[in-house]
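One structure is given here, and the rest of the page talks about it.
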Amino acid sequence: MDIHTVPGVKARDVAEAHRMDLLHQGEHGCNCMTYWIDEARENIFCLIEAPDKSAVEDMHRQAHGLVPNKVIEVDSSLVASFLGRIYDPEKVESSSDGLKVFHDPSFRVLLLMRINHPELLAHQLGGEAAASLLNIYGDVVRESLTTHGGREVEHKGRGYIGSFTSAGQALEAAVKIRARMQDPQFGPLDLRLAVEGGEPVGQSNQLFGDTIKFAGYLCRVARGAVIGMATSVRELAAKDLLRHPSDIFLSLSPQDEDLLRQLFGELEAHWTDADFDLDEYCKSTAMSRSRLYRKCIQLTGEAPNQLLKDFRLEKALDLLREQRNSIAQVTFETGFTSPSYFTKCFKEKYGLLPLAYSKLT
């Protein structure tokens with residue numbers, strides 16, 4: 001999938017360009033499957049089967065000269081689960097000159113749902129009780145998505161992702177799921193909900209990667225059964241919000257959203273580096289110790305050192321689940337300097353030893 005940012009772009013212009021792509025696709029081994037056009041945001045996204053990125057660029061260059069700003073590799077089934085189609089819309093009338101012109105923006109509002117790791121749930125509750133709880137949770141999520149026009153997105157992470165064309169519908173689904181999961185029996189799930197909107201291609205090389213990543217950050221800070229809500233969603237769903245108590249939502253200022261991205265962005269960049277300590281965290285964020293501490297507490301509820309340690313431990317869970325690394329390897333790959341200290345921290349946070357967790361996966 002590629003992205004073109006074209007000021008003043010119109011749907012008919014894109015339809016013309018797509019027709020030219022179809023004329024030249026065979027020369028470059030490409031198959032132009034479809035596209036999405038958003039006149040308001042001045043973005044075009046094309047879905048193309050191609051041997052490599054350069055073939056896509058060369059085809060566009062020859063066909064109409066609009067070289068994409070970025071090209072990423074995607075799985076067509078994943079595109080379908082996010083956007084609802086991988087070919088042109090079925091009900092599109094042709095103009096008098098045979099041109100199919102349609103307006104179909106690719107902007108989606110994603111509802112990210114994060115829960116405790118299933119393996120930890122099984123350890124805590126027992127396998128049968130954990131499985132029952134997860135099944136009920138899954139039924140609640142799917143019913144809410146269906147009721148409010150959402151699509152369940154295929155992904156490998158824990159929890160679910162719902163994709164919506166409407167910010168209001170995404171929030172209604174989140175509110176419904178939150179209400180249904182308030183019973184104390186669901187407490188061990190530690191359900192976190194966050195809603196964020198975005199486009200399929202951004203800085204990340206993953207489909208909707210930027211949107212999912214920030215929604216994940218909001219899930220981390222949305223404590224106490226509140227729904228994390230990004231600024232982009234708050235602006236789109238302002239009228240819908242009036243129907244609900246404001247205290248069930250966590251909404252940050254744009255400045256705090258940027259700071260949250262910075263705080264976790266630095267952790268993403270340095271969690272494998274054992275030399276990345278509090279002093280380095282201060283340098284990378286250009287903050288004094290006192291300011292970094294204050295901001296971390298304000299946004300995440302954790303001190304910087306604890307935030308870094310917890311971040312590394314969560315990465316350790318992912319590595320142990322893959323079952324490709326020894327405990328010593330995981331220790332050093334996650335920035336810990338001592339297997340004994342890593343084991344101690346892991347046991348304190350998750351209630352079992354790393355080796356015992358790896359046997360559960």
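Each chain of the structure tokens is named A, B, ... in the order shown, its residues numbered from 1; ligands are numbered from 1 in display order.
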Segment 274-281 of chain A environment, 7 Å, only C-alpha atoms, sequence neighbours closer than 4 positions dropped, as a list of chain:residue names: A:His270, A:Thr285, A:Pro304, A:Asn305, A:Gly335, A:Phe336, A:Thr337
Output file for the selection above: N, CA and C atoms, as a PDB file, in the first residue's frame:
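Below is the file again-v4.pdb, written as the result:
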```
ATOM      1  N   HIS A 270      15.037   2.437  23.219  1.00  0.00           N
ATOM      2  CA  HIS A 270      16.207   2.110  24.048  1.00  0.00           C
ATOM      3  C   HIS A 270      16.024   0.959  25.025  1.00  0.00           C
ATOM      4  N   THR A 285      15.014  12.929  26.557  1.00  0.00           N
ATOM      5  CA  THR A 285      13.776  13.719  26.568  1.00  0.00           C
ATOM      6  C   THR A 285      14.032  15.205  26.813  1.00  0.00           C
ATOM      7  N   PRO A 304       9.877   7.406  36.551  1.00  0.00           N
ATOM      8  CA  PRO A 304      10.610   7.023  35.338  1.00  0.00           C
ATOM      9  C   PRO A 304      11.322   5.682  35.445  1.00  0.00           C
ATOM     10  N   ASN A 305      12.023   5.422  36.556  1.00  0.00           N
ATOM     11  CA  ASN A 305      12.733   4.150  36.707  1.00  0.00           C
ATOM     12  C   ASN A 305      11.775   2.966  36.668  1.00  0.00           C
ATOM     13  N   GLY A 335      17.700  -5.442  28.357  1.00  0.00           N
ATOM     14  CA  GLY A 335      18.409  -4.355  29.031  1.00  0.00           C
ATOM     15  C   GLY A 335      18.696  -4.586  30.499  1.00  0.00           C
ATOM     16  N   PHE A 336      18.357  -5.775  31.024  1.00  0.00           N
ATOM     17  CA  PHE A 336      18.741  -6.102  32.402  1.00  0.00           C
ATOM     18  C   PHE A 336      20.195  -6.590  32.395  1.00  0.00           C
ATOM     19  N   THR A 337      20.902  -6.326  33.468  1.00  0.00           N
ATOM     20  CA  THR A 337      22.327  -6.677  33.498  1.00  0.00           C
ATOM     21  C   THR A 337      22.613  -7.946  34.274  1.00  0.00           C
TER      22      THR A 337
END
```
Please, which residues in segment 252-298 of chain A fall within 12 Å of segment 216-234 of chain A when counting only C-alpha atoms, and what is the closest atom pair and distance in Å to one decimal for each, ordered by chain then residue number, as CSV?
```
residue,atom,partner,partner_atom,distance
A:Leu252,CA,A:Thr231,CA,7.1
A:Ser253,CA,A:Thr231,CA,7.2
A:Pro254,CA,A:Thr231,CA,6.7
A:Gln255,CA,A:Thr231,CA,10.3
A:Asp256,CA,A:Thr231,CA,10.4
A:Glu257,CA,A:Ala230,CA,7.9
A:Asp258,CA,A:Thr231,CA,10.9
A:Leu259,CA,A:Tyr217,CA,11.1
A:Leu260,CA,A:Tyr217,CA,7.4
A:Arg261,CA,A:Tyr217,CA,7.6
A:Gln262,CA,A:Tyr217,CA,10.6
A:Leu263,CA,A:Tyr217,CA,9.7
A:Phe264,CA,A:Tyr217,CA,7.3
A:Gly265,CA,A:Tyr217,CA,9.7
A:Leu267,CA,A:Tyr217,CA,11.5
A:Glu268,CA,A:Tyr217,CA,11.2
A:Cys296,CA,A:Val221,CA,10.3
A:Ile297,CA,A:Val221,CA,10.3
A:Gln298,CA,A:Val221,CA,9.7
```
DSSP helix (DSSP H, G or I) residues within segment 95-294 of chain A, listed as number ranges by chain: A: 118-125, 127-147, 167-180, 184-189, 209-221, 231-236, 238-241, 246-248, 254-270, 278-285, 289-294
Would you return as an mmCIF file with N, CA and C atoms, in the first residue's frame the members of segment 120-353 of chain A that DSSP assigns to strand (DSSP E or B) on this structure's backbone?
```
data_model
loop_
_atom_site.group_PDB
_atom_site.id
_atom_site.type_symbol
_atom_site.label_atom_id
_atom_site.label_comp_id
_atom_site.auth_asym_id
_atom_site.auth_seq_id
_atom_site.Cartn_x
_atom_site.Cartn_y
_atom_site.Cartn_z
ATOM 1 N N ARG A 151 -15.674 -3.362 12.791
ATOM 2 C CA ARG A 151 -15.111 -4.574 12.227
ATOM 3 C C ARG A 151 -14.021 -5.084 13.167
ATOM 4 N N GLU A 152 -14.017 -6.375 13.433
ATOM 5 C CA GLU A 152 -12.948 -6.957 14.239
ATOM 6 C C GLU A 152 -11.713 -7.121 13.370
ATOM 7 N N TYR A 160 -8.433 -7.180 21.607
ATOM 8 C CA TYR A 160 -9.061 -7.008 20.300
ATOM 9 C C TYR A 160 -8.821 -5.593 19.780
ATOM 10 N N ILE A 161 -8.982 -5.453 18.459
ATOM 11 C CA ILE A 161 -9.011 -4.141 17.823
ATOM 12 C C ILE A 161 -10.278 -4.072 16.992
ATOM 13 N N GLY A 162 -11.046 -2.999 17.168
ATOM 14 C CA GLY A 162 -12.217 -2.760 16.345
ATOM 15 C C GLY A 162 -11.975 -1.570 15.433
ATOM 16 N N SER A 163 -12.389 -1.675 14.178
ATOM 17 C CA SER A 163 -12.206 -0.603 13.197
ATOM 18 C C SER A 163 -13.570 -0.009 12.834
ATOM 19 N N PHE A 164 -13.657 1.329 12.891
ATOM 20 C CA PHE A 164 -14.914 2.039 12.653
ATOM 21 C C PHE A 164 -14.701 3.177 11.653
ATOM 22 N N ARG A 192 -8.293 -2.590 29.486
ATOM 23 C CA ARG A 192 -8.006 -1.192 29.158
ATOM 24 C C ARG A 192 -8.582 -0.901 27.777
ATOM 25 N N LEU A 193 -9.207 0.266 27.634
ATOM 26 C CA LEU A 193 -9.843 0.665 26.378
ATOM 27 C C LEU A 193 -9.288 2.009 25.920
ATOM 28 N N ALA A 194 -9.019 2.137 24.636
ATOM 29 C CA ALA A 194 -8.575 3.415 24.083
ATOM 30 C C ALA A 194 -9.070 3.554 22.648
ATOM 31 N N VAL A 195 -9.404 4.780 22.282
ATOM 32 C CA VAL A 195 -9.930 5.066 20.945
ATOM 33 C C VAL A 195 -9.060 6.131 20.292
ATOM 34 N N GLU A 196 -8.564 5.817 19.103
ATOM 35 C CA GLU A 196 -7.702 6.736 18.358
ATOM 36 C C GLU A 196 -8.026 6.610 16.878
ATOM 37 N N GLY A 197 -7.860 7.694 16.124
ATOM 38 C CA GLY A 197 -8.138 7.680 14.692
ATOM 39 C C GLY A 197 -6.882 7.936 13.881
ATOM 40 N N GLY A 198 -6.857 7.400 12.661
ATOM 41 C CA GLY A 198 -5.684 7.628 11.821
ATOM 42 C C GLY A 198 -5.822 7.000 10.451
ATOM 43 N N ILE A 227 -11.956 5.238 29.696
ATOM 44 C CA ILE A 227 -11.677 4.991 28.288
ATOM 45 C C ILE A 227 -10.726 6.060 27.785
ATOM 46 N N GLY A 228 -9.561 5.662 27.331
ATOM 47 C CA GLY A 228 -8.625 6.619 26.759
ATOM 48 C C GLY A 228 -9.152 7.128 25.422
ATOM 49 N N MET A 229 -9.143 8.426 25.244
ATOM 50 C CA MET A 229 -9.699 9.025 24.032
ATOM 51 C C MET A 229 -8.728 10.051 23.474
ATOM 52 N N PHE A 249 -14.122 9.056 30.625
ATOM 53 C CA PHE A 249 -13.131 9.216 29.567
ATOM 54 C C PHE A 249 -11.861 9.866 30.106
ATOM 55 N N LEU A 250 -10.735 9.441 29.566
ATOM 56 C CA LEU A 250 -9.461 10.105 29.812
ATOM 57 C C LEU A 250 -9.047 10.779 28.517
#
```
Closest of A:Met113, A:Ala15, A:Leu120, A:Leu23 to Ser94 of chain A - atom-to-atom distances counting only C-alpha atoms: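 The answer is A:Ala15, which sits nearest to Ser94 of chain A.
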Long-range neighbours of Phe107 of chain A as a ChimeraX atom specification, 10 Å cut-off, only C-alpha atoms, 2 positions minimum in chain: /A:36-38,41,43,82-83,104-105,109-110,163-166,197-200,208
Write the residues of the preceding selection, restricted to C-alpha atoms, as a PDB file, in the first residue's frame.
```pdb
ATOM      1  CA  TRP A  36      -9.044   5.194  -1.174  1.00  0.00           C
ATOM      2  CA  ILE A  37      -9.423   8.944  -1.631  1.00  0.00           C
ATOM      3  CA  ASP A  38      -9.915  11.527   1.092  1.00  0.00           C
ATOM      4  CA  ARG A  41      -7.270  15.326   4.200  1.00  0.00           C
ATOM      5  CA  ASN A  43      -4.565  11.831   0.862  1.00  0.00           C
ATOM      6  CA  PHE A  82      -9.347  -2.672   8.726  1.00  0.00           C
ATOM      7  CA  LEU A  83     -10.919  -1.086   5.661  1.00  0.00           C
ATOM      8  CA  ASP A 104     -14.123   6.465   0.038  1.00  0.00           C
ATOM      9  CA  PRO A 105     -11.795   7.822   2.752  1.00  0.00           C
ATOM     10  CA  VAL A 109     -11.228   5.143  14.222  1.00  0.00           C
ATOM     11  CA  LEU A 110      -9.731   2.204  16.089  1.00  0.00           C
ATOM     12  CA  SER A 163     -12.206  -0.603  13.197  1.00  0.00           C
ATOM     13  CA  PHE A 164     -14.914   2.039  12.653  1.00  0.00           C
ATOM     14  CA  THR A 165     -15.717   4.661  10.047  1.00  0.00           C
ATOM     15  CA  SER A 166     -17.528   6.702  12.727  1.00  0.00           C
ATOM     16  CA  GLY A 197      -8.138   7.680  14.692  1.00  0.00           C
ATOM     17  CA  GLY A 198      -5.684   7.628  11.821  1.00  0.00           C
ATOM     18  CA  GLU A 199      -4.695   6.651   8.305  1.00  0.00           C
ATOM     19  CA  PRO A 200      -3.342   3.265   7.137  1.00  0.00           C
ATOM     20  CA  PHE A 208      -2.264   1.648  10.937  1.00  0.00           C
TER      21      PHE A 208
END
```
Residue nearest Arg178 of chain A - candidates A:Tyr357, A:Tyr293, A:Phe311, A:Tyr137, atoms counted: only C-alpha atoms: A:Tyr137
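Within 12 Å of Ala131 of chain A, once only C-alpha atoms are used and residues closer than 3 positions along the same chain are dropped, the contacting residues are His117, Pro118, Glu119, Leu120, Leu121, Ala122, His123, Gln124, Leu125, Gly126, Gly127, Glu128, Leu134, Asn135, Ile136, Tyr137, Gly138 and Leu189 of chain A.
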Save out the residues we just selected, N, CA and C atoms, as a PDB file, in the first residue's frame.
```pdb
ATOM      1  N   HIS A 117      -2.291 -10.788  30.204  1.00  0.00           N
ATOM      2  CA  HIS A 117      -1.840 -11.892  29.359  1.00  0.00           C
ATOM      3  C   HIS A 117      -2.616 -13.160  29.717  1.00  0.00           C
ATOM      4  N   PRO A 118      -3.149 -13.870  28.712  1.00  0.00           N
ATOM      5  CA  PRO A 118      -3.920 -15.096  28.991  1.00  0.00           C
ATOM      6  C   PRO A 118      -3.160 -16.117  29.834  1.00  0.00           C
ATOM      7  N   GLU A 119      -1.846 -16.220  29.618  1.00  0.00           N
ATOM      8  CA  GLU A 119      -1.055 -17.179  30.395  1.00  0.00           C
ATOM      9  C   GLU A 119      -1.029 -16.791  31.873  1.00  0.00           C
ATOM     10  N   LEU A 120      -0.934 -15.498  32.143  1.00  0.00           N
ATOM     11  CA  LEU A 120      -0.948 -15.035  33.530  1.00  0.00           C
ATOM     12  C   LEU A 120      -2.326 -15.220  34.155  1.00  0.00           C
ATOM     13  N   LEU A 121      -3.368 -15.051  33.347  1.00  0.00           N
ATOM     14  CA  LEU A 121      -4.723 -15.297  33.840  1.00  0.00           C
ATOM     15  C   LEU A 121      -4.898 -16.762  34.225  1.00  0.00           C
ATOM     16  N   ALA A 122      -4.400 -17.649  33.361  1.00  0.00           N
ATOM     17  CA  ALA A 122      -4.514 -19.078  33.647  1.00  0.00           C
ATOM     18  C   ALA A 122      -3.756 -19.439  34.917  1.00  0.00           C
ATOM     19  N   HIS A 123      -2.595 -18.813  35.111  1.00  0.00           N
ATOM     20  CA  HIS A 123      -1.818 -19.058  36.326  1.00  0.00           C
ATOM     21  C   HIS A 123      -2.568 -18.553  37.559  1.00  0.00           C
ATOM     22  N   GLN A 124      -3.230 -17.414  37.403  1.00  0.00           N
ATOM     23  CA  GLN A 124      -3.919 -16.791  38.530  1.00  0.00           C
ATOM     24  C   GLN A 124      -5.237 -17.474  38.871  1.00  0.00           C
ATOM     25  N   LEU A 125      -6.011 -17.841  37.834  1.00  0.00           N
ATOM     26  CA  LEU A 125      -7.372 -18.327  38.048  1.00  0.00           C
ATOM     27  C   LEU A 125      -7.544 -19.821  37.820  1.00  0.00           C
ATOM     28  N   GLY A 126      -6.569 -20.423  37.138  1.00  0.00           N
ATOM     29  CA  GLY A 126      -6.754 -21.787  36.674  1.00  0.00           C
ATOM     30  C   GLY A 126      -7.209 -21.764  35.231  1.00  0.00           C
ATOM     31  N   GLY A 127      -6.818 -22.771  34.462  1.00  0.00           N
ATOM     32  CA  GLY A 127      -7.081 -22.765  33.023  1.00  0.00           C
ATOM     33  C   GLY A 127      -8.543 -22.689  32.655  1.00  0.00           C
ATOM     34  N   GLU A 128      -9.389 -23.455  33.326  1.00  0.00           N
ATOM     35  CA  GLU A 128     -10.810 -23.492  32.980  1.00  0.00           C
ATOM     36  C   GLU A 128     -11.493 -22.165  33.284  1.00  0.00           C
ATOM     37  N   LEU A 134     -12.416 -15.404  29.384  1.00  0.00           N
ATOM     38  CA  LEU A 134     -11.997 -14.895  28.072  1.00  0.00           C
ATOM     39  C   LEU A 134     -13.093 -15.104  27.032  1.00  0.00           C
ATOM     40  N   ASN A 135     -13.816 -16.196  27.129  1.00  0.00           N
ATOM     41  CA  ASN A 135     -14.906 -16.450  26.176  1.00  0.00           C
ATOM     42  C   ASN A 135     -16.039 -15.444  26.358  1.00  0.00           C
ATOM     43  N   ILE A 136     -16.384 -15.155  27.605  1.00  0.00           N
ATOM     44  CA  ILE A 136     -17.436 -14.165  27.867  1.00  0.00           C
ATOM     45  C   ILE A 136     -16.997 -12.798  27.344  1.00  0.00           C
ATOM     46  N   TYR A 137     -15.773 -12.433  27.649  1.00  0.00           N
ATOM     47  CA  TYR A 137     -15.214 -11.160  27.179  1.00  0.00           C
ATOM     48  C   TYR A 137     -15.258 -11.072  25.658  1.00  0.00           C
ATOM     49  N   GLY A 138     -14.855 -12.147  24.979  1.00  0.00           N
ATOM     50  CA  GLY A 138     -14.884 -12.142  23.520  1.00  0.00           C
ATOM     51  C   GLY A 138     -16.278 -11.964  22.969  1.00  0.00           C
ATOM     52  N   LEU A 189      -9.080  -9.509  34.383  1.00  0.00           N
ATOM     53  CA  LEU A 189      -8.727  -9.196  32.992  1.00  0.00           C
ATOM     54  C   LEU A 189      -7.925  -7.908  32.889  1.00  0.00           C
TER      55      LEU A 189
END
```
Shell around Glu39 of chain A at 6 Å using only C-alpha atoms, local window under 3 positions removed, as a list in words: Val9, Lys10 and Glu42 of chain A
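The smallest atom-to-atom distance between Asp52 of chain A and any of A:Met33, A:Thr272, A:His28, A:Asn69, using only C-alpha atoms, is found for A:His28.
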Separation of atom CA of Thr34 of chain A from atom CA of Phe102 of chain A, in Å and rounded to one decimal: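 That distance, rounded to one decimal, is 11.0 Å.
Nearest residue to Asp318 of chain A among A:Lys156, A:Asp210, A:Gln185, A:Val140 is A:Lys156, counting only C-alpha atoms.
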Separation of atom CA of Lys70 of chain A from atom CA of Ile3 of chain A, in Å and rounded to one decimal: 5.6 Å
